[in-house]
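For reference, the structure discussed in these notes is given below.
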Amino acid sequence: MRSDTERLHDIVEAIAAIDRYAQQGREAFEQSELIQVWMVRHLEIIGEAARVLSDRLKAQHPEVPWRKIAGLRNIAVHEYFRVELSIVWDIIQNDLTELKAQIEAVLRQLEG
C-alpha cells in the first residue's frame with residue numbers, strides 16, 4: 001500500500017503532467033481529444049490519490065479541498081458523460097497552481 005507521502009507525490013507529478021500540455025493553450029486543448037483525455041486522466045489520478053489519503057492527514061490540512069478533488073474524480077470516472085471540458089479547462093487554469101502549492105507545503109511538513 002502506498003504511503004500518504006507517495007500519494008502526495010503522485011498528485012504533484014499529475015499536476016506537472018497536466019501543465020506540460022496546458023502550456024499549449026486553450027485552443028490546443030479544445031482541438032485535441034488526446035490532450036483532453038490526457039488532462040482528464042491526470043485529474044482522475046489526482047482525485048484518486050486525494051481520495052485514499054489517510055483521514056488523519058486530510059483532517060490536519062483542511063485548507064486543501066479534498067472532497068472537491070475526490071468529487072471531480074468520481075464524476076470523471078463514474079459519470080463521465082457529465083464532464084464539461086470548459087470546466088476542466090477552468091480547473092486547470094485556476095485551481096491547479098494553488099493545489100500544487102498546498103500539496104508541496106504538506107510534503108515539506110511531512111518530509112521536513
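If you're wondering about the labels, chains in the C-alpha cells are A, B, ... by order shown, residues count from 1 in each chain, ligands from 1 in order shown.
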Original post:
Could you name the residues that touch Ala105 of chain A at 12 Å or less, counting only C-alpha atoms, but leaving out those on the same chain fewer than 6 positions away, as an MDAnalysis selection string?
Top reply: chainID A and resid 5 8:9 12 61 63:64 98:99 111:112
Between segment 10-56 of chain A and segment 81-95 of chain A, at 12 Å or less, what are the per-residue closest atom pairs and their distances in Å? Count only C-alpha atoms, order by chain and rising residue number, and return it as CSV.
```
residue,atom,partner,partner_atom,distance
A:Ala14,CA,A:Ile92,CA,11.5
A:Ile15,CA,A:Ile92,CA,8.8
A:Ala16,CA,A:Ile92,CA,11.0
A:Ala17,CA,A:Ile92,CA,11.3
A:Ile18,CA,A:Ile92,CA,7.7
A:Asp19,CA,A:Ile92,CA,8.1
A:Arg20,CA,A:Ile92,CA,11.4
A:Tyr21,CA,A:Ile92,CA,10.4
A:Ala22,CA,A:Ile92,CA,7.5
A:Gln23,CA,A:Gln93,CA,10.0
A:Gly25,CA,A:Trp89,CA,9.6
A:Arg26,CA,A:Trp89,CA,7.4
A:Glu27,CA,A:Trp89,CA,10.6
A:Ala28,CA,A:Trp89,CA,11.2
A:Phe29,CA,A:Trp89,CA,8.0
A:Glu30,CA,A:Leu85,CA,7.9
A:Gln31,CA,A:Leu85,CA,11.1
A:Ser32,CA,A:Leu85,CA,11.4
A:Glu33,CA,A:Leu85,CA,10.4
A:Ile35,CA,A:Trp89,CA,11.0
A:Gln36,CA,A:Leu85,CA,7.6
A:Val37,CA,A:Leu85,CA,10.0
A:Trp38,CA,A:Val88,CA,11.4
A:Met39,CA,A:Val88,CA,8.1
A:Val40,CA,A:Val88,CA,7.3
A:Arg41,CA,A:Val88,CA,11.0
A:His42,CA,A:Ile92,CA,10.7
A:Leu43,CA,A:Val88,CA,8.7
A:Glu44,CA,A:Val88,CA,11.3
```
Export, as an mmCIF file, in the first residue's frame, the selected residues with C-alpha atoms.
```cif
data_model
loop_
_atom_site.group_PDB
_atom_site.id
_atom_site.type_symbol
_atom_site.label_atom_id
_atom_site.label_comp_id
_atom_site.auth_asym_id
_atom_site.auth_seq_id
_atom_site.Cartn_x
_atom_site.Cartn_y
_atom_site.Cartn_z
ATOM 1 C CA ALA A 14 -0.001 14.532 -12.214
ATOM 2 C CA ILE A 15 -0.181 18.326 -11.981
ATOM 3 C CA ALA A 16 3.193 18.550 -13.760
ATOM 4 C CA ALA A 17 1.907 16.221 -16.489
ATOM 5 C CA ILE A 18 -1.146 18.433 -16.999
ATOM 6 C CA ASP A 19 0.990 21.578 -17.022
ATOM 7 C CA ARG A 20 3.149 20.228 -19.860
ATOM 8 C CA TYR A 21 0.145 20.238 -22.181
ATOM 9 C CA ALA A 22 -1.713 23.194 -20.679
ATOM 10 C CA GLN A 23 1.159 25.371 -21.866
ATOM 11 C CA GLY A 25 -3.105 26.802 -24.610
ATOM 12 C CA ARG A 26 -6.853 26.508 -24.670
ATOM 13 C CA GLU A 27 -7.116 26.197 -28.433
ATOM 14 C CA ALA A 28 -4.881 23.104 -28.463
ATOM 15 C CA PHE A 29 -6.928 21.688 -25.593
ATOM 16 C CA GLU A 30 -10.220 22.301 -27.375
ATOM 17 C CA GLN A 31 -8.987 20.851 -30.662
ATOM 18 C CA SER A 32 -7.217 17.735 -29.402
ATOM 19 C CA GLU A 33 -9.147 14.839 -27.977
ATOM 20 C CA ILE A 35 -4.941 16.345 -24.809
ATOM 21 C CA GLN A 36 -8.443 16.407 -23.317
ATOM 22 C CA VAL A 37 -8.250 12.741 -22.339
ATOM 23 C CA TRP A 38 -4.694 13.206 -21.030
ATOM 24 C CA MET A 39 -5.766 16.030 -18.751
ATOM 25 C CA VAL A 40 -8.926 14.360 -17.513
ATOM 26 C CA ARG A 41 -6.958 11.173 -16.801
ATOM 27 C CA HIS A 42 -4.447 13.077 -14.701
ATOM 28 C CA LEU A 43 -7.256 14.837 -12.852
ATOM 29 C CA GLU A 44 -8.577 11.347 -12.092
#
```
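With only C-alpha atoms as the basis for measurement, A:Arg67 is the residue among A:Leu72, A:Glu104, A:Arg67, A:His78 that approaches Asp55 of chain A most closely.
With only C-alpha atoms as the atoms that count, the residue of A:Val106, A:Ile11, A:Met1, A:Val77 with the shortest distance to Ala59 of chain A is A:Val106.
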Subject >> Nearest-residue call for Glu48 of chain A, choices A:Gln24, A:Asn74, A:Gln109, A:Gln60, using only C-alpha atoms >> reply: A:Asn74
